[in-house]
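Asker: Pasting in a structure now, in structure tokens, and then I'll have a few things to ask.
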Protein chains: 2
Amino acid sequence: MNSVKKVQRYSRQTRTAANQDKPVRIRRERRDAIENRERVLAAARQLFASKGVEETSMNEIAHAAQVGVGTLYRRFAHKGELCLALLWDDIERFQQLITAQFEATQGTRSAFEQLDFLSRELIRMTATHIPLLAAMQEASSGLRRREIFQGPFYTWLHQQIVGLLDQAKTEEKLRDCNPILVADSLLASVSPPLLAYQIEVRGLTLPEITNNIRQIYIEGLRK
Amino acid sequence: MNSVKKVQRYSRQTRTAANQDKPVRIRRERRDAIENRERVLAAARQLFASKGVEETSMNEIAHAAQVGVGTLYRRFAHKGELCLALLWDDIERFQQLITAQFEATQGTRSAFEQLDFLSRELIRMTATHIPLLAAMQEASSGLRRREIFQGPFYTWLHQQIVGLLDQAKTEEKLRDCNPILVADSLLASVSPPLLAYQIEVRGLTLPEITNNIRQIYIEGLRK
DNA sequence: TATAAAAACGGAGTATTCTCCATTATTGTA
DNA sequence: TACAATAATGGAGAATACTCCGTTTTTATA
């Protein structure tokens with residue numbers, strides 16, 4: 001999930017002394033490329049909705065979008081990237097929500113309270129997008145294993161959590177622990193496949209799940 | 001991962017009144033079947049060791065074992081089952097170790113101490129078999145998603161953890177939490193792909209990881 | 001030992017993912 | 001507008017996962 005730019009833009013570069021030997025001519029993205037990407041996303045959205053993410057093949061998407069498979073794969077290396085692109089708006093909105101909340105309550109709330117807010121919202125967000133998120137995670141298997149932990153959303157979440165835990169540590173309210181590992185652990189605890197299983201098979205409710213995460217990662221880590 | 005019987009045996013049945021209308025003739029497992037299974041396992045072990053689990057295809061295994069693909073797939077529905085079969089001895093040994101330890105220290109150790117022992121050993125075990133375990137987990141993706149949580153090893157571990165947490169709860173030493181969810185969370189925190197990432201990419205050591213799990217799930221949940 | 005029942009075999013066939021590259025379309029410039 | 005540069009296309013093809021079923025092998029019994 002290296003780089004799924006929703007609106008792909010080439011950064012305009014000027015010819016400075018630094019890159020004079022290798023002049024970079026920038027072109028704007030081609031019209032057909034834009035059109036095709038949008039048709040692909042529309043087709044994927046429609047097929048995923050009507051017959052499920054797992055049940056939809058990349059071939060089908062290419063065909064429905066009236067695009068060759070090669071074209072599809074150049075833009076989206078696998079189904080996971082397609083899912084990420086479809087989720088991108090919601091992910092950005094989520095990040096803005098969290099950031100805004102952190103800024104608005106600056107100083108009035110403890111790091112633990114912020115972490116509680118983040119984890120609640122994350123669980124809500126994950127639960128509402130389980131099929132796409134699970135497919136994203138599962139597409140990053142095998143030789144792509146690491147992409148799960150290196151994707152933009154995971155990385156961002158991890159940083160936020162580590163930041164809050166460091167803050168709590170500064171305030172001397174955090175039990176001895178490694179924030180990096182705790183963040184991994186928290187994120188693993190709310191991973192889409194696990195959440196899906198807990199809800200669909202174990203029959204558990206979102207409040208139960210949310211409360212449990214709170215007990216483990218908020219109350220449990222208080223000094 | 002429904003039923004990988006390492007030594008497949010047909011339970012001998014007698015003709016009682018109950019099943020008289022449908023007489024069940026029992027045959028012992030065919031010689032060629034036994035031989036083929038052993039050749040498949042040997043070939044898989046060898047190929048996995050020499051070129052890696054991910055890089056070995058089911059076709060290759062079948063060919064190396066001098067067996068048709070149909071034969072391979074009848075016995076092992078996917079690579080995950082093959083991995084499980086290869087790990088089965090170690091898994092049984094692990095289960096015996098844990099069970100023996102629990103019985104030996106019966107009454108002398110708290111549930112938390114037992115849980116600490118279990119999680120330490122589990123991390124050690126997982127770390128020493130990361131490639132096979134990760135492949136097992138990843139083979140259970142997509143439409144097989146649930147198999148991760150319904151496989152024999154996961155189920156056993158989950159039961160043990162829930163049992164210990166219930167015990168701790170009875171002793172009134174456990175913070176308010178749902179043992180079923182805590183068990184899921186702990187197991188997610190030491191899942192093979194995550195462990196692999198923490199070790200290989202984050203450069204963390206096993207003691208660091210073990211200690212962190214202890215802080216979260218042992219110290220953190222103490223009342 | 002001969003034979004019937006059935007367990008197991010094997011590989012052709014299908015579906016899917018993903019790559020490669022000759023061809024086509026678009027853009028910026030002259 | 002015409003042209004050169006190059007970005008993008010599309011579909012054949014390779015690799016892999018997995019299924020299906022006619023044929024072969026084994027077993028238990030007569």
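Each chain in the structure tokens gets a letter, A, B, ..., in the order shown, and its residues are numbered from 1; ligands are numbered from 1 in order too.
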Could you tell me which residues of chain D sit within 9 Å of chain A when counting only C-alpha atoms (C1' of nucleotides), and give me the result as a PyMOL selection string?
Answerer: chain D and resi 7-11
Asker: Return the neighbours of chain B among the residues of chain C, cut-off 9 Å, counting only C-alpha atoms (C1' of nucleotides), as a ChimeraX atom specification.
Answerer: /C:7-11
Asker: List the neighbours of region 113-124 of chain B out to 8 Å using only C-alpha atoms (C1' of nucleotides); skip same-chain residues closer than 3 positions along the sequence, and give me the result as a PyMOL selection string.
Answerer: chain B and resi 98+102+109-110+127-128+161+164+190+206+210+213-214+218
Asker: Would you mind exporting the chosen residues as a PDB file, in the first residue's frame, restricted to N, CA and C atoms?
Answerer:
```
ATOM      1  N   ILE B  98       2.357 -27.065  28.635  1.00  0.00           N
ATOM      2  CA  ILE B  98       1.491 -26.153  29.384  1.00  0.00           C
ATOM      3  C   ILE B  98       0.624 -26.920  30.376  1.00  0.00           C
ATOM      4  N   PHE B 102       0.693 -26.639  34.452  1.00  0.00           N
ATOM      5  CA  PHE B 102      -0.494 -26.249  35.214  1.00  0.00           C
ATOM      6  C   PHE B 102      -0.768 -27.255  36.319  1.00  0.00           C
ATOM      7  N   ARG B 109       0.431 -21.695  42.436  1.00  0.00           N
ATOM      8  CA  ARG B 109       0.593 -20.491  41.636  1.00  0.00           C
ATOM      9  C   ARG B 109      -0.735 -19.841  41.306  1.00  0.00           C
ATOM     10  N   SER B 110      -0.732 -18.529  41.278  1.00  0.00           N
ATOM     11  CA  SER B 110      -1.958 -17.806  40.950  1.00  0.00           C
ATOM     12  C   SER B 110      -2.263 -17.945  39.461  1.00  0.00           C
ATOM     13  N   ALA B 127       7.675 -17.457  17.882  1.00  0.00           N
ATOM     14  CA  ALA B 127       8.863 -16.874  17.264  1.00  0.00           C
ATOM     15  C   ALA B 127       9.712 -17.932  16.565  1.00  0.00           C
ATOM     16  N   THR B 128       9.726 -19.137  17.112  1.00  0.00           N
ATOM     17  CA  THR B 128      10.565 -20.164  16.488  1.00  0.00           C
ATOM     18  C   THR B 128       9.917 -20.788  15.257  1.00  0.00           C
ATOM     19  N   ILE B 161      -6.719 -19.541  28.069  1.00  0.00           N
ATOM     20  CA  ILE B 161      -6.622 -18.169  28.583  1.00  0.00           C
ATOM     21  C   ILE B 161      -7.910 -17.765  29.290  1.00  0.00           C
ATOM     22  N   LEU B 164      -8.058 -19.347  32.690  1.00  0.00           N
ATOM     23  CA  LEU B 164      -7.217 -18.682  33.687  1.00  0.00           C
ATOM     24  C   LEU B 164      -7.809 -17.351  34.135  1.00  0.00           C
ATOM     25  N   VAL B 190       0.112 -11.336  19.809  1.00  0.00           N
ATOM     26  CA  VAL B 190       1.274 -12.180  19.541  1.00  0.00           C
ATOM     27  C   VAL B 190       1.079 -12.976  18.252  1.00  0.00           C
ATOM     28  N   LEU B 206      12.871 -10.422  21.733  1.00  0.00           N
ATOM     29  CA  LEU B 206      11.850 -11.241  22.379  1.00  0.00           C
ATOM     30  C   LEU B 206      11.596 -10.826  23.830  1.00  0.00           C
ATOM     31  N   THR B 210       7.982  -9.892  25.195  1.00  0.00           N
ATOM     32  CA  THR B 210       7.408 -10.662  26.302  1.00  0.00           C
ATOM     33  C   THR B 210       7.060  -9.762  27.479  1.00  0.00           C
ATOM     34  N   ILE B 213       3.885  -7.704  26.850  1.00  0.00           N
ATOM     35  CA  ILE B 213       2.660  -8.492  26.999  1.00  0.00           C
ATOM     36  C   ILE B 213       2.340  -8.682  28.477  1.00  0.00           C
ATOM     37  N   ARG B 214       3.373  -8.912  29.241  1.00  0.00           N
ATOM     38  CA  ARG B 214       3.192  -9.082  30.679  1.00  0.00           C
ATOM     39  C   ARG B 214       2.602  -7.814  31.311  1.00  0.00           C
ATOM     40  N   ILE B 218      -0.966  -8.962  32.278  1.00  0.00           N
ATOM     41  CA  ILE B 218      -0.846  -9.512  33.634  1.00  0.00           C
ATOM     42  C   ILE B 218      -0.943  -8.379  34.647  1.00  0.00           C
TER      43      ILE B 218
END
```
Asker: Please list as a PDB file with N, CA and C atoms, in the first residue's frame every residue within 9 Å of Ser191 (chain B), counting only C-alpha atoms (C1' of nucleotides) and excluding residues in the same chain fewer than 6 positions away.
Answerer:
```pdb
ATOM      1  N   ALA A 188      -3.774  -4.361  16.835  1.00  0.00           N
ATOM      2  CA  ALA A 188      -4.068  -5.760  16.534  1.00  0.00           C
ATOM      3  C   ALA A 188      -5.388  -6.181  17.169  1.00  0.00           C
TER       4      ALA A 188
ATOM      5  N   ILE B 123       4.912 -17.037  23.074  1.00  0.00           N
ATOM      6  CA  ILE B 123       5.728 -16.129  22.275  1.00  0.00           C
ATOM      7  C   ILE B 123       6.986 -16.844  21.789  1.00  0.00           C
ATOM      8  N   THR B 126       5.881 -19.257  19.054  1.00  0.00           N
ATOM      9  CA  THR B 126       5.522 -18.542  17.832  1.00  0.00           C
ATOM     10  C   THR B 126       6.766 -18.041  17.110  1.00  0.00           C
ATOM     11  N   LEU B 133       3.774 -20.589  10.824  1.00  0.00           N
ATOM     12  CA  LEU B 133       2.583 -20.057  11.482  1.00  0.00           C
ATOM     13  C   LEU B 133       1.989 -18.888  10.708  1.00  0.00           C
ATOM     14  N   ALA B 134       2.858 -18.029  10.186  1.00  0.00           N
ATOM     15  CA  ALA B 134       2.357 -16.896   9.406  1.00  0.00           C
ATOM     16  C   ALA B 134       1.656 -17.405   8.156  1.00  0.00           C
ATOM     17  N   GLN B 137      -1.762 -18.696   9.026  1.00  0.00           N
ATOM     18  CA  GLN B 137      -2.713 -17.612   9.266  1.00  0.00           C
ATOM     19  C   GLN B 137      -3.140 -16.960   7.958  1.00  0.00           C
TER      20      GLN B 137
END
```
Asker: In Å to one decimal, how far is CA of Leu143 (chain A) from CA of Leu84 (chain A)?
Answerer: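 Rounded to one decimal, the two atoms are 18.6 Å apart.
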Asker: Report as a Markdown table: every residue of chain B with an atom at most 6 Å from chain A, its closest pair of atoms, and their distance in Å to one decimal, counting only C-alpha atoms, with rows sorted by chain and ascending residue number.
Answerer:
```
| residue | atom | partner | partner_atom | distance |
| --- | --- | --- | --- | --- |
| B:Glu138 | CA | A:Ser141 | CA | 5.9 |
| B:Ser141 | CA | A:Glu138 | CA | 5.9 |
| B:Cys177 | CA | A:Asn212 | CA | 5.8 |
| B:Ser185 | CA | A:Ser189 | CA | 4.7 |
| B:Ala188 | CA | A:Ala188 | CA | 5.5 |
| B:Ser189 | CA | A:Ser185 | CA | 4.7 |
| B:Asn212 | CA | A:Cys177 | CA | 5.8 |
| B:Gly220 | CA | A:Gly220 | CA | 4.1 |
| B:Leu221 | CA | A:Gly220 | CA | 5.7 |
```
Asker: Write the selection just made, keeping C-alpha atoms, as a short mmCIF file (atom, residue, chain, number, x, y, z; two decimals), in the first residue's frame?
Answerer:
```
data_model
loop_
_atom_site.label_atom_id
_atom_site.label_comp_id
_atom_site.auth_asym_id
_atom_site.auth_seq_id
_atom_site.Cartn_x
_atom_site.Cartn_y
_atom_site.Cartn_z
CA GLU B 138 -2.48 -16.07 5.84
CA SER B 141 -7.89 -15.34 4.42
CA CYS B 177 -13.27 -7.18 31.75
CA SER B 185 -6.78 -9.47 22.26
CA ALA B 188 -3.90 -10.95 18.38
CA SER B 189 -1.00 -9.21 20.11
CA ASN B 212 5.27 -5.78 27.19
CA GLY B 220 -2.50 -4.25 33.82
CA LEU B 221 -5.45 -6.48 34.57
#
```
Asker: Do you know which residues are at most 10 Å from Glu60 (chain B) counting only C-alpha atoms (C1' of nucleotides), after dropping those on the same chain fewer than 5 positions away, and could you put them as a list in words?
Answerer: Ala43, Ala44, Leu47, Glu55, Ala65, Gln66 and Val69 of chain B
Asker: Have a look at C1' of DA30 (chain D) and C1' of DA6 (chain C) and let me know their distance in Å, one decimal.
Answerer: 17.3 Å
Asker: Excluding Leu82 (chain B) and residues on its chain fewer than 5 positions from it, collect all residues at most 9 Å away from it, counting only C-alpha atoms (C1' of nucleotides), and give them as a VMD selection string.
Answerer: chain B and resid 4 40 to 41 44 75 to 77 87 136
Asker: Have a look at B:Phe112, B:Asn59, B:Ile199, B:His129 and name the one nearest to Glu172 (chain B); count only C-alpha atoms.
Answerer: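 Checking each of B:Phe112, B:Asn59, B:Ile199, B:His129 against Glu172 (chain B), counting only C-alpha atoms, the winner is B:Phe112.
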Asker: Could you jot down the C1' of DA15 (chain D) to C1' of DA15 (chain C) separation for me, Å, one decimal place?
Answerer: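 It comes out at 12.7 Å.
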Asker: When DSSP is applied to the backbone of this structure, which of region 84-167 of chain A are assigned alpha helix (DSSP H)? Write them out as a VMD selection string.
Answerer: chain A and resid 84 to 104 111 to 128 130 to 139 147 to 150 152 to 167
Asker: Any idea what's packed within 12 Å of DG13 (chain D), counting only C-alpha atoms (C1' of nucleotides), ignoring anything in its chain fewer than 4 positions away? Could you give it as a ChimeraX atom specification?
Answerer: /C:18-21
